[in-house]
Structure formats: structure tokens, C-alpha cells
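*Asks:* Structure below; questions to follow.
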Amino acid sequence: MFNLVDALTVAGHVSSPVALSEETPFVRKFSSVYDGLENGEMNMDDLLSMLPHCVPSDSETIAGYKVYAADATANEHEQAETLPDRSVLKSDQKDPVRYGHKYSWLVRLMNFGTSWAAPVDVERIGTEMTDTQVAAIQVKELDIRDPQKKVLVADSRYADQLFLGIFRWFQNTFTLVRVASNRVLFENPKPKPPGKKGRPSKHGKPFHLKKIHRAADRSEIFELGKQTVRVSLWKDIHFKKLADLIGSLVQVEEDGTPRYKRPMWLFWTGPNDVSLPDLGRMYLWRFAIEHMFRFLKQHMGLNSNRSPNLVSAQQWMWLCALAYCQLLLMRDDVKQNRPAWYPLNRQQRVKLTPYQVQRSALAFLLELGTPAAKPRPAGKGTGRQKNYCPPPRGRYSVVFKSKKAQILPSASP
């Protein structure tokens with residue numbers, strides 16, 4: 001397992017897990033790759049407790065808050081009929097139908113304007129749960145492990161009661177979630193007149209994001225790069241199914257002649273004393289997790305494991321996360337392996353990208369060494385017993401989460 005992490009750290013392209021046996025840090029035979037993935041053990045409690053301490057000390061904060069991002073990524077297994085618990089990965093009506101697994105990632109955002117992120121938790125989304133349910137469990141565990149002030153940023157997929165409802169009980173953990181521009185939220189109700197019978201109202205006047213009926217409570221214009229941005233805030237707003245979670249609506253739009261038809265809407269559960277430009281930067285920082293996913297898929301083979309073994313598929317995701325963390329920890333210590341056509345002065349002013357660190361990781365790891373034990377010759381194997389015939393693997397149906405959809409029939413064994 002240590003050899004696999006080191007091999008993933010230095011491999012610029014991974015076509016399959018067994019291809020890592022050709023990398024220099026992997027000193028064992030190719031047959032041990034899948035043995036390690038299927039039979040290797042990870043102490044998840046110690047691992048989850050260790051990862052927050054691996055975040056570099058120079059990681060940035062915004063308005064005194066650590067910024068985390070939550071998102072899910074798909075791992076397609078179209079023809080893997082022997083892989084259990086596959087579901088439909090279609091997230092949009094216009095997307096083609098795909099089958100496989102999804103994994104929920106929780107990462108700490110490092111430096112604004114860069115693509116670095118520090119993974120702190122990876123969890124497979126089973127067919128009996130949703131993206132928001134798994135993310136809510138991850139955030140609950142993070143709140144226990146890290147009691148300091150922090151913010152979770154997420155896209156509009158997480159603007160539902162399953163994810164937002166947990167923030168009613170947190171003291172130092174808040175969220176900034178994007179809201180679809182066609183949603184309808186509600187203002188706080190007016191106090192019940194004295195002597196009037198009946199239950200007090202839960203909701204006040206509807207707040208249609210398409211038709212704003214009142215002026216913002218706060219508004220500010222600031223420069224973001226070469227663009228002038230206006231951020232406005234409306235206080236005391238809540239969702240229909242979360243009347244007891246009072247937050248604020250934040251509108252982010254371009255000042256002057258906008259290039260986009262609709263502004264971006266955000267729901268903020270934290271205190272209102274945070275400056276509006278800081279709220280805008282918090283959400284814009286979320287896109288670093290998208291760049292991390294792209295790097296993991298292109299240069300670390302995040303979706304290259306086609307094993308029908310469920311344990312192997314899950315451990316491969318964790319090995320990719322650990323290899324990425326190893327790149328993060330060595331980024332300030334590696335000797336840059338710079339191509340001759342890269343401008344030297346420019347590279348000295350900015351931090352190295354993940355791919356630039358990966359180019360220089362091999363020399364660093366060879367000098368550092370590995371905690372893995374040296375391989376020992378095992379001799380010639382005895383092989384299978386005479387007349388042994390392994391049983392065929394079981395076939396599993398694709399699980400549809402929709403109530404109206406039926407289970408896709410599996411192929412015959």
C-alpha cells in the first residue's frame with residue numbers, strides 16, 4: 001500500500017492500477033497490486049484524525065474562517081455487472097445515462113487563486129443514501145474533529161433540508177450554499193397579535209428570487225481581478241422546510257453591463273458581520289475542488305480502477321487522496337524539475353502547481369525513503385488444486401433511486 005501511494009505520487013499518467021508496478025517506487029511484483037487493493041487494511045479512525053493535521057500551516061482563511069468545500073464525483077463502471085451497488089449517475093435530464101459509483105469528497109481549501117486543496121474525508125455514496133446525506137455525515141464528523149470556526153461551501157445540489165438542517169446545531173460551523181435562481185424562500189413572519197387564537201405563522205412574505213420585492217439590507221461594490229462585482233444581502237430569510245434555520249440571502253452580480261443573464265444567489269447561515277466581499281470570495285474559492293478532481297482524473301488515474309471488487313474500488317479512491325496529500329506536503333521542499341521552455345522568473349514568484357510538484361516528486365521520494373518493508377522472495381507458488389473450478393461471479397442489477405423506475409435486469413451468468 002505504501003508502494004502504491006508513492007507510485008501514484010510520481011506517475012503522470014495511470015492507465016490502470018497494475019501499470020503502477022512499472023514505476024520506480026513500486027519494488028514488488030505486479031501481482032501484488034490487486035492483492036494490496038483487495039486485502040490491504042486502513043485504520044480509518046486514525047486516518048481521518050491525521051489528515052487535518054497534514055494541512056500546511058500557511059493555509060489561508062477568509063474573515064477568520066477556514067474554508068472547506070464538499071462535492072461529489074462519479075466513478076463510471078458501465079459494463080461491470082459483477083460490481084455490487086451500482087446506480088445511475090445521471091444528474092441532469094439532458095445528460096446521457098451512465099452507471100457506476102459516486103464518491104463524496106470533503107476538502108480544505110488552501111490558497112486563494114490556486115488549485116490546491118487538502119482532502120480530509122472521502123466516502124462512497126451508497127444507493128440507499130443521497131449526496132447531501134453523506135455530505136451531512138462528513139460535516140458532522142468534521143465539526144467534532146475541528147472545533148475552530150469554518151465555512152462549508154457547496155453548489156446548489158446541497159441546498160436542501162438534508163444538508164442544511166444540520167447547521168441548526170453547530171456553533172462554529174457555517175455554510176455558504178448556492179441557490180437556484182428560480183427558488184422561492186420566505187421572510188420571517190410578523191409577531192402574532194396578543195389575544196389572537198391559533199398557532200403562530202411559520203412563514204412570512206414569500207421571497208421570489210426572480211422578482212425581488214424589496215431593497216437589500218446591505219450592498220457593496222468591490223473589485224475582483226479585472227471585474228467590478230456588486231454583492232447584496234437580505235437578512236432573516238429561510239427555506240420552507242427549514243423554518244427554524246434563519247439565514248441571509250446573498251446576491252452576487254457584475255456591476256455595469258453583466259455578461260450573464262442571471263445573478264448568482266447564495267444562502268449564508270453565519271453571522272451578518274462578515275463583509276460582503278469576503279462572502280463572495282468564499283464561494284468563488286469553491287472551484288478549486290473542481291480543479292483537484294480534474295488533476296486526479298488526468299494525472300492520478302482516479303477512475304482507472306476497473307476491478308469488480310468493491311473494497312478495491314473504495315481503497316483506490318483513498319490511495320489517490322493520500323497520494324495527493326503527499327504532493328501537498330512536499331510542494332515546498334522539492335527541487336523543481338522545470339522544462340527549459342518554462343519562464344524561470346515567473347515560477348519563482350508563485351507556488352508550484354500539483355503537476356509541477358509531481359514532476360519533481362520522484363527524486364524527492366528516492367532521497368526520503370519509504371516506511372514499507374523490503375520485499376522478500378516467496379518462492380514458486382503451488383497454484384490451484386487439481387480439478388479446482390472457481391464458481392462464476394455473481395451478477396448485480398443496477399439500482400435506480402427514482403421511485404417510478406424499475407431495477408434494470410442483470411445479464412445471465
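Quick note on naming: the chains in the C-alpha cells go A, B, ... in the order shown, residues restart at 1 in each chain, and ligands are numbered from 1 in order of appearance.
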Counting only C-alpha atoms, which residues of segment 251-353 of chain A fall within 12 Å of segment 118-141 of chain A, and what is the closest atom pair for each with its distance in Å at one decimal, ordered by chain and rising number, as a tab-separated table?

*Replies:*
```
residue	atom	partner	partner_atom	distance
A:Ala288	CA	A:Ala118	CA	10.4
A:Ile289	CA	A:Ala118	CA	9.3
A:Met292	CA	A:Ala118	CA	9.3
A:Phe293	CA	A:Pro119	CA	10.9
A:Leu296	CA	A:Pro119	CA	11.7
A:Leu310	CA	A:Arg124	CA	10.3
A:Val311	CA	A:Arg124	CA	10.8
A:Ala313	CA	A:Arg124	CA	9.7
A:Gln314	CA	A:Arg124	CA	7.2
A:Gln315	CA	A:Val122	CA	10.0
A:Trp316	CA	A:Val122	CA	10.9
A:Met317	CA	A:Val122	CA	7.6
A:Trp318	CA	A:Val122	CA	6.9
A:Leu319	CA	A:Val122	CA	10.5
A:Cys320	CA	A:Pro119	CA	10.1
A:Ala321	CA	A:Pro119	CA	6.4
A:Leu322	CA	A:Pro119	CA	8.1
A:Ala323	CA	A:Pro119	CA	10.3
A:Tyr324	CA	A:Ala118	CA	8.0
A:Cys325	CA	A:Ala118	CA	6.3
A:Gln326	CA	A:Ala118	CA	9.9
A:Leu327	CA	A:Ala118	CA	10.0
A:Leu328	CA	A:Ala118	CA	7.5
A:Leu329	CA	A:Ala118	CA	9.6
```

*Asks:* For the strand (DSSP E) assignment from backbone DSSP, which residues of segment 12-104 of chain A qualify? Please present them as number ranges by chain.

*Replies:* A: 66-76, 87-88, 99-104

*Asks:* Can you work out which one of A:Ala63, A:Ala372, A:Leu185, A:Ala11 has the shortest atom-to-atom distance to Lys241 of chain A, counting only C-alpha atoms?

*Replies:*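 When distances to Lys241 of chain A are compared using only C-alpha atoms, the smallest one comes from A:Leu185.
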
*Asks:* Give me the residues within 12 Å of Gly12 of chain A as a list of chain:residue names, counting only C-alpha atoms and dropping any in the same chain fewer than 4 places off.

*Replies:*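 Answer for this query is A:Ala7, A:Leu8, A:Ala19, A:Leu20, A:Glu23, A:Phe295, A:Leu296, A:Lys297, A:Gln298, A:His299, A:Met300, A:Gly301, A:Pro354, A:Tyr355, A:Gln356, A:Val357, A:Gln358, A:Arg359, A:Ser360, A:Ala361, A:Leu362.
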
*Asks:* Using only C-alpha atoms, pick whichever of A:Val55, A:Val27, A:Met1, A:Val151 has the shortest atom-to-atom distance to Trp116 of chain A.

*Replies:*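 Of A:Val55, A:Val27, A:Met1, A:Val151, the one nearest Trp116 of chain A is A:Val55, counting only C-alpha atoms.
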
*Asks:* Using only C-alpha atoms, determine which residues lie at most 10 Å from Gln79 of chain A, disregarding the query and same-chain residues fewer than 2 positions distant; provide the list as a PyMOL selection string.

*Replies:* chain A and resi 76-77+81-83+99-100+306

*Asks:* For those residues, write N, CA and C atoms to a file as a PDB file, in the first residue's frame.

*Replies:*
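Okay, this is what ended up in selection_5.pdb:
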```pdb
ATOM      1  N   GLU A  76     -17.383   5.923 -13.148  1.00  0.00           N
ATOM      2  CA  GLU A  76     -18.215   5.139 -14.052  1.00  0.00           C
ATOM      3  C   GLU A  76     -17.724   3.695 -14.150  1.00  0.00           C
ATOM      4  N   HIS A  77     -18.682   2.778 -14.130  1.00  0.00           N
ATOM      5  CA  HIS A  77     -18.433   1.355 -14.382  1.00  0.00           C
ATOM      6  C   HIS A  77     -19.588   0.869 -15.255  1.00  0.00           C
ATOM      7  N   GLU A  81     -20.886  -5.722 -14.506  1.00  0.00           N
ATOM      8  CA  GLU A  81     -22.085  -6.373 -13.985  1.00  0.00           C
ATOM      9  C   GLU A  81     -21.829  -7.115 -12.685  1.00  0.00           C
ATOM     10  N   THR A  82     -20.560  -7.420 -12.397  1.00  0.00           N
ATOM     11  CA  THR A  82     -20.239  -8.135 -11.155  1.00  0.00           C
ATOM     12  C   THR A  82     -19.880  -7.184 -10.018  1.00  0.00           C
ATOM     13  N   LEU A  83     -19.959  -5.890 -10.251  1.00  0.00           N
ATOM     14  CA  LEU A  83     -19.673  -4.906  -9.202  1.00  0.00           C
ATOM     15  C   LEU A  83     -20.966  -4.558  -8.487  1.00  0.00           C
ATOM     16  N   TYR A  99     -23.684   4.421 -15.556  1.00  0.00           N
ATOM     17  CA  TYR A  99     -23.802   3.571 -14.383  1.00  0.00           C
ATOM     18  C   TYR A  99     -22.468   3.533 -13.650  1.00  0.00           C
ATOM     19  N   GLY A 100     -22.527   3.407 -12.339  1.00  0.00           N
ATOM     20  CA  GLY A 100     -21.308   3.322 -11.543  1.00  0.00           C
ATOM     21  C   GLY A 100     -21.540   3.770 -10.123  1.00  0.00           C
ATOM     22  N   ARG A 306     -10.733  -0.651 -12.653  1.00  0.00           N
ATOM     23  CA  ARG A 306     -11.916  -1.344 -13.175  1.00  0.00           C
ATOM     24  C   ARG A 306     -12.151  -2.677 -12.478  1.00  0.00           C
TER      25      ARG A 306
END
```

*Asks:* Would you list the contacts of Ala154 of chain A as a list in words, taking every protein, DNA or RNA residue within 9 Å and counting only C-alpha atoms, but skipping same-chain residues closer than 3 positions in sequence?

*Replies:*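 After dropping sequence-adjacent residues, the list is Tyr68, Ala69, Ala70, Asp71, Arg157, Tyr158, Ala159, Thr175, Leu176, Val177, Arg178, Tyr283 and Arg286 of chain A.
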
*Asks:* Any idea what's packed within 12 Å of Trp169 of chain A, counting only C-alpha atoms, ignoring anything in its chain fewer than 5 positions away? Could you give it as a PyMOL selection string?

*Replies:* chain A and resi 139-140+143+164+174+244-245+269

*Asks:* Those selected residues, please, written with N, CA and C atoms and delivered as a JSON list (two decimals), in the first residue's frame.

*Replies:*
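Listed below is the output, out_7.json:
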```
[["chain", "number", "residue", "atom", "x", "y", "z"],
["A", 139, "VAL", "N", -19.73, 16.35, 7.42],
["A", 139, "VAL", "CA", -19.60, 17.65, 8.10],
["A", 139, "VAL", "C", -19.77, 17.49, 9.60],
["A", 140, "LYS", "N", -20.68, 16.61, 10.03],
["A", 140, "LYS", "CA", -20.84, 16.37, 11.46],
["A", 140, "LYS", "C", -19.53, 15.85, 12.08],
["A", 143, "ASP", "N", -16.97, 18.65, 12.28],
["A", 143, "ASP", "CA", -17.22, 19.61, 13.36],
["A", 143, "ASP", "C", -16.67, 19.09, 14.68],
["A", 164, "LEU", "N", -28.67, 21.22, 4.84],
["A", 164, "LEU", "CA", -28.72, 22.49, 5.59],
["A", 164, "LEU", "C", -29.25, 22.29, 7.00],
["A", 174, "PHE", "N", -20.42, 26.91, 9.72],
["A", 174, "PHE", "CA", -21.47, 27.55, 8.94],
["A", 174, "PHE", "C", -21.34, 27.10, 7.49],
["A", 244, "ASP", "N", -36.84, 26.95, 11.01],
["A", 244, "ASP", "CA", -36.05, 27.29, 12.20],
["A", 244, "ASP", "C", -34.59, 27.56, 11.88],
["A", 245, "LEU", "N", -34.20, 27.53, 10.61],
["A", 245, "LEU", "CA", -32.84, 27.88, 10.20],
["A", 245, "LEU", "C", -32.89, 29.23, 9.50],
["A", 269, "THR", "N", -25.55, 30.94, 6.45],
["A", 269, "THR", "CA", -26.08, 30.64, 7.77],
["A", 269, "THR", "C", -25.28, 31.26, 8.90]]
```

*Asks:* Excluding His203 of chain A and residues on its chain fewer than 2 positions from it, collect all residues at most 7 Å away from it, counting only C-alpha atoms, and give them as a PyMOL selection string.

*Replies:* chain A and resi 186-189+201+205

*Asks:* Mind writing the picked residues with C-alpha atoms as a short mmCIF file (atom, residue, chain, number, x, y, z; two decimals), in the first residue's frame?

*Replies:*
```
data_model
loop_
_atom_site.label_atom_id
_atom_site.label_comp_id
_atom_site.auth_asym_id
_atom_site.auth_seq_id
_atom_site.Cartn_x
_atom_site.Cartn_y
_atom_site.Cartn_z
CA PHE A 186 -39.64 33.14 2.91
CA GLU A 187 -39.12 36.05 5.23
CA ASN A 188 -39.72 35.85 8.96
CA PRO A 189 -43.43 36.08 9.92
CA SER A 201 -47.23 31.52 11.43
CA LYS A 205 -43.91 37.02 2.86
#
```

*Asks:* Between A:Asn309, A:Thr9, A:Thr370, A:Ser32, which one has atoms that come closest to Arg393 of chain A, using only C-alpha atoms?

*Replies:*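 Among the listed residues, A:Asn309 lies closest to Arg393 of chain A.
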
*Asks:* Taking the chain letters and numbering used in this document, name the residues of segment 229-370 of chain A that DSSP puts in helix (DSSP H, G or I), as an mmCIF file with N, CA and C atoms, in the first residue's frame.

*Replies:*
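Contents of the output file part.cif:
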```cif
data_model
loop_
_atom_site.group_PDB
_atom_site.id
_atom_site.type_symbol
_atom_site.label_atom_id
_atom_site.label_comp_id
_atom_site.auth_asym_id
_atom_site.auth_seq_id
_atom_site.Cartn_x
_atom_site.Cartn_y
_atom_site.Cartn_z
ATOM 1 N N LEU A 276 -19.298 41.616 2.861
ATOM 2 C CA LEU A 276 -19.873 41.036 1.657
ATOM 3 C C LEU A 276 -18.819 40.584 0.643
ATOM 4 N N PRO A 277 -17.736 41.349 0.423
ATOM 5 C CA PRO A 277 -16.699 40.822 -0.483
ATOM 6 C C PRO A 277 -16.104 39.500 -0.015
ATOM 7 N N ASP A 278 -15.982 39.312 1.299
ATOM 8 C CA ASP A 278 -15.455 38.049 1.806
ATOM 9 C C ASP A 278 -16.412 36.893 1.505
ATOM 10 N N LEU A 279 -17.714 37.134 1.588
ATOM 11 C CA LEU A 279 -18.680 36.085 1.260
ATOM 12 C C LEU A 279 -18.590 35.713 -0.214
ATOM 13 N N GLY A 280 -18.425 36.728 -1.071
ATOM 14 C CA GLY A 280 -18.276 36.428 -2.487
ATOM 15 C C GLY A 280 -17.026 35.625 -2.783
ATOM 16 N N ARG A 281 -15.924 35.954 -2.127
ATOM 17 C CA ARG A 281 -14.674 35.226 -2.355
ATOM 18 C C ARG A 281 -14.755 33.803 -1.810
ATOM 19 N N MET A 282 -15.486 33.606 -0.705
ATOM 20 C CA MET A 282 -15.604 32.250 -0.159
ATOM 21 C C MET A 282 -16.191 31.291 -1.178
ATOM 22 N N TYR A 283 -17.281 31.714 -1.834
ATOM 23 C CA TYR A 283 -17.906 30.792 -2.773
ATOM 24 C C TYR A 283 -17.081 30.644 -4.046
ATOM 25 N N LEU A 284 -16.496 31.727 -4.531
ATOM 26 C CA LEU A 284 -15.675 31.619 -5.736
ATOM 27 C C LEU A 284 -14.478 30.703 -5.509
ATOM 28 N N TRP A 285 -14.037 30.577 -4.278
ATOM 29 C CA TRP A 285 -12.925 29.691 -3.942
ATOM 30 C C TRP A 285 -13.304 28.226 -4.105
ATOM 31 N N ARG A 286 -14.603 27.934 -4.117
ATOM 32 C CA ARG A 286 -15.069 26.554 -4.194
ATOM 33 C C ARG A 286 -14.580 25.848 -5.457
ATOM 34 N N PHE A 287 -14.325 26.590 -6.516
ATOM 35 C CA PHE A 287 -13.978 25.954 -7.786
ATOM 36 C C PHE A 287 -12.614 25.273 -7.733
ATOM 37 N N ALA A 288 -11.846 25.471 -6.677
ATOM 38 C CA ALA A 288 -10.575 24.751 -6.536
ATOM 39 C C ALA A 288 -10.800 23.252 -6.446
ATOM 40 N N ILE A 289 -11.928 22.818 -5.896
ATOM 41 C CA ILE A 289 -12.180 21.377 -5.796
ATOM 42 C C ILE A 289 -12.426 20.778 -7.180
ATOM 43 N N GLU A 290 -12.982 21.561 -8.106
ATOM 44 C CA GLU A 290 -13.163 21.075 -9.467
ATOM 45 C C GLU A 290 -11.813 20.871 -10.145
ATOM 46 N N HIS A 291 -10.878 21.794 -9.907
ATOM 47 C CA HIS A 291 -9.538 21.632 -10.470
ATOM 48 C C HIS A 291 -8.830 20.429 -9.856
ATOM 49 N N MET A 292 -9.077 20.164 -8.573
ATOM 50 C CA MET A 292 -8.477 18.997 -7.929
ATOM 51 C C MET A 292 -8.996 17.714 -8.563
ATOM 52 N N PHE A 293 -10.311 17.631 -8.812
ATOM 53 C CA PHE A 293 -10.875 16.460 -9.468
ATOM 54 C C PHE A 293 -10.265 16.259 -10.861
ATOM 55 N N ARG A 294 -10.101 17.330 -11.603
ATOM 56 C CA ARG A 294 -9.533 17.214 -12.944
ATOM 57 C C ARG A 294 -8.102 16.677 -12.885
ATOM 58 N N PHE A 295 -7.303 17.163 -11.935
ATOM 59 C CA PHE A 295 -5.932 16.681 -11.808
ATOM 60 C C PHE A 295 -5.913 15.209 -11.405
ATOM 61 N N LEU A 296 -6.759 14.825 -10.459
ATOM 62 C CA LEU A 296 -6.789 13.434 -10.012
ATOM 63 C C LEU A 296 -7.191 12.490 -11.141
ATOM 64 N N LYS A 297 -8.087 12.914 -12.000
ATOM 65 C CA LYS A 297 -8.536 12.045 -13.088
ATOM 66 C C LYS A 297 -7.524 11.999 -14.230
ATOM 67 N N GLN A 298 -6.853 13.107 -14.504
ATOM 68 C CA GLN A 298 -5.935 13.149 -15.635
ATOM 69 C C GLN A 298 -4.548 12.617 -15.293
ATOM 70 N N HIS A 299 -4.070 12.844 -14.064
ATOM 71 C CA HIS A 299 -2.686 12.538 -13.734
ATOM 72 C C HIS A 299 -2.518 11.509 -12.613
ATOM 73 N N LEU A 310 -15.535 -4.450 -4.650
ATOM 74 C CA LEU A 310 -15.972 -3.189 -4.068
ATOM 75 C C LEU A 310 -14.931 -2.618 -3.123
ATOM 76 N N VAL A 311 -14.249 -3.465 -2.347
ATOM 77 C CA VAL A 311 -13.198 -2.988 -1.442
ATOM 78 C C VAL A 311 -12.054 -2.370 -2.224
ATOM 79 N N SER A 312 -11.681 -2.988 -3.324
ATOM 80 C CA SER A 312 -10.605 -2.462 -4.159
ATOM 81 C C SER A 312 -10.970 -1.096 -4.721
ATOM 82 N N ALA A 313 -12.208 -0.930 -5.167
ATOM 83 C CA ALA A 313 -12.627 0.353 -5.730
ATOM 84 C C ALA A 313 -12.590 1.457 -4.687
ATOM 85 N N GLN A 314 -13.030 1.156 -3.474
ATOM 86 C CA GLN A 314 -13.046 2.173 -2.425
ATOM 87 C C GLN A 314 -11.646 2.520 -1.942
ATOM 88 N N GLN A 315 -10.796 1.526 -1.801
ATOM 89 C CA GLN A 315 -9.440 1.802 -1.331
ATOM 90 C C GLN A 315 -8.620 2.534 -2.384
ATOM 91 N N TRP A 316 -8.936 2.319 -3.643
ATOM 92 C CA TRP A 316 -8.237 3.059 -4.695
ATOM 93 C C TRP A 316 -8.506 4.555 -4.573
ATOM 94 N N MET A 317 -9.737 4.928 -4.246
ATOM 95 C CA MET A 317 -10.064 6.341 -4.057
ATOM 96 C C MET A 317 -9.244 6.938 -2.917
ATOM 97 N N TRP A 318 -9.107 6.180 -1.839
ATOM 98 C CA TRP A 318 -8.344 6.679 -0.698
ATOM 99 C C TRP A 318 -6.857 6.769 -1.026
ATOM 100 N N LEU A 319 -6.332 5.835 -1.807
ATOM 101 C CA LEU A 319 -4.926 5.901 -2.179
ATOM 102 C C LEU A 319 -4.654 7.134 -3.038
ATOM 103 N N CYS A 320 -5.578 7.465 -3.930
ATOM 104 C CA CYS A 320 -5.422 8.686 -4.731
ATOM 105 C C CYS A 320 -5.454 9.924 -3.842
ATOM 106 N N ALA A 321 -6.335 9.933 -2.846
ATOM 107 C CA ALA A 321 -6.395 11.076 -1.930
ATOM 108 C C ALA A 321 -5.109 11.203 -1.119
ATOM 109 N N LEU A 322 -4.560 10.082 -0.663
ATOM 110 C CA LEU A 322 -3.332 10.121 0.127
ATOM 111 C C LEU A 322 -2.135 10.531 -0.731
ATOM 112 N N ALA A 323 -2.102 10.086 -1.983
ATOM 113 C CA ALA A 323 -1.013 10.493 -2.869
ATOM 114 C C ALA A 323 -1.080 11.993 -3.145
ATOM 115 N N TYR A 324 -2.289 12.520 -3.287
ATOM 116 C CA TYR A 324 -2.438 13.964 -3.486
ATOM 117 C C TYR A 324 -1.977 14.731 -2.245
ATOM 118 N N CYS A 325 -2.320 14.223 -1.060
ATOM 119 C CA CYS A 325 -1.847 14.849 0.179
ATOM 120 C C CYS A 325 -0.321 14.825 0.261
ATOM 121 N N GLN A 326 0.288 13.749 -0.222
ATOM 122 C CA GLN A 326 1.744 13.661 -0.201
ATOM 123 C C GLN A 326 2.367 14.716 -1.112
ATOM 124 N N LEU A 327 1.743 14.967 -2.260
ATOM 125 C CA LEU A 327 2.209 16.052 -3.125
ATOM 126 C C LEU A 327 2.101 17.399 -2.424
ATOM 127 N N LEU A 328 1.005 17.580 -1.693
ATOM 128 C CA LEU A 328 0.801 18.837 -0.986
ATOM 129 C C LEU A 328 1.869 19.057 0.082
ATOM 130 N N LEU A 329 2.234 18.004 0.786
ATOM 131 C CA LEU A 329 3.208 18.133 1.868
ATOM 132 C C LEU A 329 4.621 18.385 1.354
ATOM 133 N N MET A 330 4.925 17.930 0.156
ATOM 134 C CA MET A 330 6.290 18.085 -0.354
ATOM 135 C C MET A 330 6.453 19.273 -1.297
ATOM 136 N N LEU A 344 11.632 31.041 -15.991
ATOM 137 C CA LEU A 344 12.162 30.794 -14.647
ATOM 138 C C LEU A 344 11.693 31.848 -13.654
ATOM 139 N N ASN A 345 11.726 33.099 -14.010
ATOM 140 C CA ASN A 345 11.378 34.170 -13.074
ATOM 141 C C ASN A 345 9.923 34.062 -12.634
ATOM 142 N N ARG A 346 9.058 33.690 -13.558
ATOM 143 C CA ARG A 346 7.641 33.585 -13.215
ATOM 144 C C ARG A 346 7.412 32.459 -12.218
ATOM 145 N N GLN A 347 8.106 31.332 -12.379
ATOM 146 C CA GLN A 347 7.922 30.201 -11.491
ATOM 147 C C GLN A 347 8.446 30.466 -10.088
ATOM 148 N N GLN A 348 9.364 31.396 -9.945
ATOM 149 C CA GLN A 348 9.903 31.678 -8.625
ATOM 150 C C GLN A 348 8.950 32.526 -7.792
ATOM 151 N N ARG A 349 8.007 33.194 -8.433
ATOM 152 C CA ARG A 349 7.120 34.093 -7.702
ATOM 153 C C ARG A 349 5.866 33.406 -7.181
ATOM 154 N N PRO A 354 0.127 21.341 -8.681
ATOM 155 C CA PRO A 354 0.248 19.902 -8.390
ATOM 156 C C PRO A 354 1.031 19.137 -9.454
ATOM 157 N N TYR A 355 0.848 19.465 -10.722
ATOM 158 C CA TYR A 355 1.576 18.743 -11.763
ATOM 159 C C TYR A 355 3.067 19.066 -11.724
ATOM 160 N N GLN A 356 3.425 20.303 -11.418
ATOM 161 C CA GLN A 356 4.839 20.651 -11.315
ATOM 162 C C GLN A 356 5.503 19.933 -10.145
ATOM 163 N N VAL A 357 4.777 19.787 -9.034
ATOM 164 C CA VAL A 357 5.322 19.023 -7.909
ATOM 165 C C VAL A 357 5.452 17.553 -8.280
ATOM 166 N N GLN A 358 4.488 17.028 -9.019
ATOM 167 C CA GLN A 358 4.544 15.624 -9.400
ATOM 168 C C GLN A 358 5.745 15.330 -10.298
ATOM 169 N N ARG A 359 6.121 16.264 -11.144
ATOM 170 C CA ARG A 359 7.298 16.074 -11.998
ATOM 171 C C ARG A 359 8.579 15.947 -11.169
ATOM 172 N N SER A 360 8.609 16.577 -10.004
ATOM 173 C CA SER A 360 9.805 16.580 -9.170
ATOM 174 C C SER A 360 9.729 15.610 -8.002
ATOM 175 N N ALA A 361 8.638 14.845 -7.904
ATOM 176 C CA ALA A 361 8.409 14.025 -6.712
ATOM 177 C C ALA A 361 9.318 12.800 -6.649
ATOM 178 N N LEU A 362 9.723 12.244 -7.795
ATOM 179 C CA LEU A 362 10.494 11.010 -7.778
ATOM 180 C C LEU A 362 11.837 11.193 -7.081
ATOM 181 N N ALA A 363 12.577 12.226 -7.441
ATOM 182 C CA ALA A 363 13.875 12.455 -6.806
ATOM 183 C C ALA A 363 13.720 12.701 -5.312
ATOM 184 N N PHE A 364 12.656 13.379 -4.924
ATOM 185 C CA PHE A 364 12.428 13.659 -3.507
ATOM 186 C C PHE A 364 12.133 12.363 -2.751
ATOM 187 N N LEU A 365 11.303 11.485 -3.283
ATOM 188 C CA LEU A 365 10.939 10.249 -2.591
ATOM 189 C C LEU A 365 12.108 9.276 -2.525
ATOM 190 N N LEU A 366 12.923 9.235 -3.565
ATOM 191 C CA LEU A 366 14.095 8.358 -3.525
ATOM 192 C C LEU A 366 15.066 8.778 -2.436
ATOM 193 N N GLU A 367 15.156 10.072 -2.201
ATOM 194 C CA GLU A 367 16.029 10.563 -1.129
ATOM 195 C C GLU A 367 15.383 10.375 0.241
ATOM 196 N N LEU A 368 14.066 10.526 0.297
ATOM 197 C CA LEU A 368 13.357 10.416 1.577
ATOM 198 C C LEU A 368 13.266 8.975 2.063
#
```

*Asks:* Tell me which of A:Gly247, A:Ser307, A:Phe400, A:Asp146 sits closest to Met50 of chain A, counting only C-alpha atoms.

*Replies:*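 Selected residue with least distance to Met50 of chain A: A:Asp146.
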
*Asks:* Give me, please, the distance in Å between atom CA of Tyr342 of chain A and atom CA of Ala117 of chain A, quoted to one decimal.

*Replies:* 24.1 Å

*Asks:* Hey, can you check how far atom CA of Gly36 of chain A sits from atom CA of Val5 of chain A?

*Replies:*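 Between these atoms lies a distance of 11.3 Å.
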